[in-house]
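S.K.: This structure is in structure tokens; I'll ask about it shortly.
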Amino acid sequence: MSSHREAPEISKDPVADNTDVYAFVSPRRPDTVTLIANFIPLQKPDGGPNFYEFGDDVLYEIHVSNRGDARADVTYQFRFTTKVLHADTFLYNTGPLTSIDDPNWNRPQFYSVTRVARGKAPQRLATNLACPPVNVGTRSTPHYGAVFTPAAVHPIQGSRTVFAGQRGDAFYVDLGSVFDLGALRPFQNLHLIPLPSAAGVNGLQGLNVHTIAIQVPISDVSRNGDLPSDPMKASSVIGVWATASRQKALMWEDAQGRYTGHGPFGQVSRLGNPLFNEVITPMADKDRWNTVFPQNDAQFAKYVAHPELARLLPVLYPGVFPHLAAYKKDRADLLAILLTGIPAGVVPGFQNYTGPTQADLLRLNLAVRPTAHPNPIGLIAGDPAGFPNGRRLVDNVVAIELRAVAGATIPLVDHSFTPDAAAALLQDGTTNTNLAVLPTFPYMPNPAGGFQSKPGTPAA
Amino acid sequence: MSETSRRRFIGVTGAGAAAVSATALVPGSAFASQTHRRSDSATSPVVAYVSDVDSDEVTLMVDEREVVVHDRDLVHRLLNAARG
């Protein structure tokens with residue numbers, strides 16, 4: 001979760017595994033939008049001697065659709081190159097690293113950024129940008145947050161800013177319980193296999209990911225190249241998703257001891273709304289879903305209209321969701337939230353409708369200003385700057401989507417339905433025990449250090 | 001298939017066969033041909049892929065492109081060569 005190891009094939013290819021996507025109007029620079037795509041899930045901070053890094057053979061992309069047809073109108077492409085500076089050592093670093101270009105760093109990684117506007121030639125925005133090293137530990141990468149994070153924030157042409165490198169995961173969820181027959185620890189006394197209720201356990205606590213973040217002027221992605229100010233205009237809404245692609249043919253080169261890629265890039269991972277492929281798509285379709293372009297998502301709408309999780313909740317929690325169990329209509333609320341955006345007239349003063357094309361996009365109304373006091377429950381708690389209007393790092397998408405699937409959002413489109421009392425309370429019981437989100441770009445927390453962090457406590 | 005694309009396709013296939021020979025010795029007769037490389041032929045390694053042995057389709061992957069060629073004769077020659 002939200003898309004960590006969410007499909008069988010991509011779970012075997014973590015370097016290309018897109019774990020989370022965020023899109024929000026930047027809190028301190030509201031004339032810009034920040035797009036974040038995370039990859040390489042569940043990194044143990046001490047995972048050396050070959051620490052985590054982006055794939056030189058992976059094409060990473062963040063896409064924006066602004067014309068309502070779920071096709072990419074603007075794409076930012078990221079390609080990586082890794083160097084080995086010292087051929088005679090196994091060490092990641094041969095001494096303390098005191099700067100991002102410290103020669104003691106044996107395996108620096110660099111990247112290029114290219115912008116592709118629909119129908120136009122690709123525009124190379126920057127090359128040879130430095131990634132930071134991973135957070136090895138107190139001796140190797142001292143004062144990580146002060147030294148490496150700011151050094152890896154690169155202003156590039158067009159008043160854009162980029163960052164690519166290791167970060168602490170900002171997502172929090174009770175992995176151990178959710179995947180143990182859908183148990184939510186605070187309510188597990190009501191589970192089909194009951195246990196005493198308990199607080200949730202953040203399964204991502206202390207784990208890192210690799211982040212690609214780009215902050216661009218809103219005019220760089222808006223339909224009309226302007227700064228939208230009217231939330232009710234269709235041109236104020238964009239759809240965002242990220243992908244990772246690999247060349248179609250990989251040949252094992254014995255002499256080099258590595259694979260070489262041949263042919264065009266094929267999409268192996270994608271992510272728009274959190275948890276879509278995770279809990280909406282059946283396992284048999286998950287791998288194929290990762291290869292499909294969003295404009296072709298209508299084929300998956302049946303899974304949204306009658307989500308498996310909505311059928312499971314009344315079974316797993318007997319007697320708790322009688323109204324949900326009795327509801328047999330298509331879930332028009334989820335179809336809107338996940339596949340078309342919320343049309344005008346549903347939530348007063350708000351819409352993020354992108355038209356009738358059903359597509360899994362993270363839809364963001366650019367005319368909604370950021371708030372200084374975000375509510376992690378987002379739009380359904382009265383905060384229109386939060387999920388499912390884009391997604392901020394603070395948004396508790398697990399609770400929001402649990403409540404939506406449980407029926408809390410049905411009355412938005414079907415006034416005859418009364419949600420079960422539990423629907424508005426659902427949560428996995430976790431609190432955000434990750435490292436702190438940063439107040440400025442790239443916002444993602446500094447990565448947990450290998451030396452400083454302690455492994456979890458095993459139990460059987 | 002035009003003669004131009006046929007020649008190009010056969011020329012590219014020759015490069016693919018060279019890659020194959022690293023793991024399987026292919027009798028020269030399997031690729032006996034009087035073709036010559038054109039000046040604009042591929043200069044990077046090529047992977048040839050026949051996904052359906054009953055079809056006439058070969059997919060050639062080179063650099064970051066793929067070229068789909070329809071030539072039953074070439075498919076048969078590749079299949080024969082693949083027997084070693």
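Letters for chains follow the order of the structure tokens (A, B, ...), residue numbers begin at 1 for each chain, and ligand numbers begin at 1 in the order shown.
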Give the residues of chain B that lie within 7 Å of chain A; count only C-alpha atoms, and format the answer as a list in words.

M.R.: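 Result, ordered by chain then number: Val47, Met61, Val62, Asp63, Glu64, Arg65 and Glu66 of chain B.
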
S.K.: Would you export the selected residues with N, CA and C atoms as a tab-separated table (two decimals), in the first residue's frame, please?

M.R.:
```
chain	number	residue	atom	x	y	z
B	47	VAL	N	17.25	-7.57	-31.41
B	47	VAL	CA	16.59	-8.77	-30.90
B	47	VAL	C	15.41	-9.07	-31.81
B	61	MET	N	13.62	-5.64	-32.28
B	61	MET	CA	13.81	-4.59	-31.30
B	61	MET	C	15.23	-4.06	-31.39
B	62	VAL	N	15.34	-2.78	-31.61
B	62	VAL	CA	16.64	-2.16	-31.82
B	62	VAL	C	16.62	-0.77	-31.17
B	63	ASP	N	17.67	-0.46	-30.43
B	63	ASP	CA	17.71	0.79	-29.68
B	63	ASP	C	16.41	0.93	-28.87
B	64	GLU	N	15.67	2.02	-29.05
B	64	GLU	CA	14.41	2.18	-28.33
B	64	GLU	C	13.22	2.08	-29.28
B	65	ARG	N	13.41	1.31	-30.35
B	65	ARG	CA	12.35	1.14	-31.34
B	65	ARG	C	12.05	-0.33	-31.52
B	66	GLU	N	10.86	-0.58	-32.10
B	66	GLU	CA	10.58	-1.92	-32.57
B	66	GLU	C	10.05	-1.82	-34.00
```

S.K.: Per residue of region 82-190 of chain A within 7 Å of region 206-210 of chain A, what are the shortest atom pair and its distance in Å to one decimal, counting only C-alpha atoms, with rows by chain and residue number, as a tab-separated table?

M.R.:
```
residue	atom	partner	partner_atom	distance
A:Gly165	CA	A:His210	CA	5.3
A:Gln166	CA	A:His210	CA	4.3
A:Arg167	CA	A:Val209	CA	5.5
A:Gly168	CA	A:Asn208	CA	4.3
A:Asp169	CA	A:Asn208	CA	5.0
```

S.K.: Find the spatial neighbours of Trp241 (chain A), counting only C-alpha atoms, within a cut-off of 10 Å - ignore same-chain residues fewer than 5 positions away - and output them as a list in words.

M.R.: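 Non-adjacent residues within range: Asp20, Val21, Tyr22, Ala23, Leu35, Ile36, Ala37, Glu61, Ile62, His63, Val64, Ser65, Ala70, Ala72, Thr75, Arg270, Leu271, Gly272, Asn273, Pro294, Asp360, Leu361, Leu362 and Arg363 of chain A.
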
S.K.: Can you pull out the residues contacting region 52-56 of chain B? Cut-off 8 Å, using only C-alpha atoms, and skip same-chain residues under 6 positions away; I want them as a PDB file with C-alpha atoms, in the first residue's frame.

M.R.:
```
ATOM      1  CA  HIS B  70       5.524  -9.570 -41.947  1.00  0.00           C
ATOM      2  CA  ASP B  71       7.460 -12.198 -43.902  1.00  0.00           C
ATOM      3  CA  ARG B  72       6.527 -15.846 -43.634  1.00  0.00           C
ATOM      4  CA  ASP B  73       9.748 -16.914 -45.304  1.00  0.00           C
ATOM      5  CA  LEU B  74      11.810 -15.137 -42.684  1.00  0.00           C
ATOM      6  CA  VAL B  75       9.737 -16.650 -39.888  1.00  0.00           C
ATOM      7  CA  LEU B  79      12.347 -21.213 -36.792  1.00  0.00           C
TER       8      LEU B  79
END
```

S.K.: What does the distance from CA of Thr281 (chain A) to CA of Ile214 (chain A) come to in Å, to one decimal?

M.R.: 28.8 Å

S.K.: For Val178 (chain A), please output as number ranges by chain all residues within 9 Å (counting only C-alpha atoms; exclusion window: fewer than 6 positions along the same chain).

M.R.: A: 184-185, 428

S.K.: Could you write out the selected residues, including C-alpha atoms, as a CSV table (one decimal), in the first residue's frame?

M.R.:
```csv
chain,number,residue,atom,x,y,z
A,184,LEU,CA,-8.7,-3.1,11.4
A,185,ARG,CA,-7.2,-3.3,14.9
A,428,ASP,CA,-6.9,1.4,10.5
```

S.K.: Can you pull out every residue within 10 Å of Gln157 (chain A), counting only C-alpha atoms, but drop anything in the same chain fewer than 2 positions away, and send it as JSON, numbers by chain?

M.R.: {"A": [124, 125, 126, 154, 155, 159, 160, 161]}

S.K.: If you count only C-alpha atoms, which residues fall within 12 Å of Val397 (chain A), apart from same-chain ones fewer than 2 positions away, as a ChimeraX atom specification?

M.R.: /A:1-3,20-22,170-173,273-276,375-380,386-395,399-405,426-428,430

S.K.: Restricting the output to N, CA and C atoms, write the selected residues as a CSV table (one decimal), in the first residue's frame.

M.R.:
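Listing of part37.csv after writing:
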```
chain,number,residue,atom,x,y,z
A,1,MET,N,0.8,-1.2,0.0
A,1,MET,CA,0.0,0.0,0.0
A,1,MET,C,0.9,1.3,0.0
A,2,SER,N,0.4,2.5,-0.5
A,2,SER,CA,-0.8,2.5,-1.3
A,2,SER,C,-0.7,1.7,-2.6
A,3,SER,N,0.5,1.6,-3.0
A,3,SER,CA,0.7,0.8,-4.2
A,3,SER,C,2.1,0.1,-4.1
A,20,ASP,N,3.5,5.6,-4.5
A,20,ASP,CA,2.6,6.6,-4.2
A,20,ASP,C,2.7,7.8,-5.2
A,21,VAL,N,1.6,8.5,-5.4
A,21,VAL,CA,1.7,9.7,-6.2
A,21,VAL,C,0.9,10.8,-5.4
A,22,TYR,N,1.5,11.9,-5.4
A,22,TYR,CA,0.9,13.1,-4.8
A,22,TYR,C,0.8,14.2,-5.7
A,170,ALA,N,6.2,8.7,3.5
A,170,ALA,CA,5.2,9.6,4.2
A,170,ALA,C,3.9,8.9,4.4
A,171,PHE,N,3.8,7.7,3.7
A,171,PHE,CA,2.5,7.0,3.8
A,171,PHE,C,2.5,6.1,5.1
A,172,TYR,N,1.4,6.0,5.7
A,172,TYR,CA,1.3,5.2,6.9
A,172,TYR,C,0.0,4.3,6.8
A,173,VAL,N,0.2,3.1,7.2
A,173,VAL,CA,-0.9,2.1,7.1
A,173,VAL,C,-0.5,0.9,7.9
A,273,ASN,N,-4.9,7.2,-8.5
A,273,ASN,CA,-5.5,7.2,-7.1
A,273,ASN,C,-4.8,6.2,-6.3
A,274,PRO,N,-4.6,6.5,-5.0
A,274,PRO,CA,-4.0,5.5,-4.1
A,274,PRO,C,-4.9,4.3,-3.9
A,275,LEU,N,-4.3,3.2,-3.9
A,275,LEU,CA,-5.0,1.9,-3.5
A,275,LEU,C,-5.9,1.4,-4.7
A,276,PHE,N,-5.9,2.0,-5.8
A,276,PHE,CA,-6.8,1.6,-6.9
A,276,PHE,C,-6.5,0.1,-7.3
A,375,ASN,N,-7.0,19.3,6.8
A,375,ASN,CA,-7.6,18.2,7.5
A,375,ASN,C,-7.3,16.9,6.8
A,376,PRO,N,-6.6,15.9,7.5
A,376,PRO,CA,-6.2,14.7,6.8
A,376,PRO,C,-7.3,13.9,6.2
A,377,ILE,N,-8.5,14.2,6.6
A,377,ILE,CA,-9.7,13.4,6.0
A,377,ILE,C,-10.1,14.2,4.7
A,378,GLY,N,-9.5,15.3,4.4
A,378,GLY,CA,-9.7,15.9,3.1
A,378,GLY,C,-11.1,16.4,2.8
A,379,LEU,N,-11.5,16.2,1.5
A,379,LEU,CA,-12.7,16.8,1.0
A,379,LEU,C,-14.0,16.4,1.8
A,380,ILE,N,-14.0,15.1,2.2
A,380,ILE,CA,-15.2,14.6,2.9
A,380,ILE,C,-15.3,15.2,4.3
A,386,GLY,N,-7.8,18.8,-0.1
A,386,GLY,CA,-7.3,17.5,0.2
A,386,GLY,C,-7.9,16.4,-0.6
A,387,PHE,N,-7.4,15.2,-0.5
A,387,PHE,CA,-7.9,14.1,-1.3
A,387,PHE,C,-9.4,13.9,-1.1
A,388,PRO,N,-10.1,13.6,-2.2
A,388,PRO,CA,-9.7,13.3,-3.5
A,388,PRO,C,-9.5,14.4,-4.4
A,389,ASN,N,-9.3,15.6,-3.9
A,389,ASN,CA,-8.9,16.7,-4.8
A,389,ASN,C,-7.4,16.7,-4.7
A,390,GLY,N,-6.7,16.1,-5.6
A,390,GLY,CA,-5.3,15.8,-5.5
A,390,GLY,C,-5.0,15.0,-4.3
A,391,ARG,N,-3.8,15.0,-3.9
A,391,ARG,CA,-3.4,14.3,-2.7
A,391,ARG,C,-2.2,15.0,-2.0
A,392,ARG,N,-2.3,15.3,-0.8
A,392,ARG,CA,-1.2,15.9,0.0
A,392,ARG,C,-0.6,14.8,0.8
A,393,LEU,N,0.6,15.1,1.3
A,393,LEU,CA,1.3,14.1,2.1
A,393,LEU,C,0.6,13.8,3.4
A,394,VAL,N,-0.2,14.8,3.9
A,394,VAL,CA,-0.8,14.6,5.2
A,394,VAL,C,-2.2,13.9,5.1
A,395,ASP,N,-2.6,13.7,3.9
A,395,ASP,CA,-4.0,13.1,3.7
A,395,ASP,C,-3.9,11.6,4.1
A,399,ALA,N,-8.0,5.9,5.6
A,399,ALA,CA,-9.3,6.2,6.3
A,399,ALA,C,-10.3,6.7,5.3
A,400,ILE,N,-9.9,7.7,4.4
A,400,ILE,CA,-10.8,8.3,3.5
A,400,ILE,C,-11.4,7.2,2.5
A,401,GLU,N,-10.6,6.3,2.0
A,401,GLU,CA,-11.1,5.3,1.1
A,401,GLU,C,-11.8,4.2,1.8
A,402,LEU,N,-11.4,3.9,3.0
A,402,LEU,CA,-12.2,2.9,3.8
A,402,LEU,C,-13.6,3.4,4.0
A,403,ARG,N,-13.7,4.7,4.4
A,403,ARG,CA,-15.0,5.3,4.7
A,403,ARG,C,-15.9,5.4,3.4
A,404,ALA,N,-15.2,5.7,2.3
A,404,ALA,CA,-15.9,5.8,1.0
A,404,ALA,C,-16.4,4.5,0.6
A,405,VAL,N,-15.6,3.5,0.6
A,405,VAL,CA,-16.0,2.1,0.2
A,405,VAL,C,-17.1,1.6,1.1
A,426,LEU,N,-14.5,4.5,10.3
A,426,LEU,CA,-13.5,3.6,9.9
A,426,LEU,C,-12.1,4.2,9.8
A,427,GLN,N,-11.2,3.4,10.2
A,427,GLN,CA,-9.7,3.8,10.1
A,427,GLN,C,-8.9,2.5,10.4
A,428,ASP,N,-7.7,2.6,10.1
A,428,ASP,CA,-6.9,1.4,10.5
A,428,ASP,C,-6.2,1.6,11.8
A,430,THR,N,-3.8,3.6,12.7
A,430,THR,CA,-2.5,4.1,12.8
A,430,THR,C,-2.4,5.6,13.0
```

S.K.: Could you tell me which of A:Ala381, A:Val437, A:Ala244, A:Leu42 comes closest to Asp56 (chain A) if we count only C-alpha atoms?

M.R.: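 Residue with the minimum atom-to-atom distance to Asp56 (chain A): A:Ala244.
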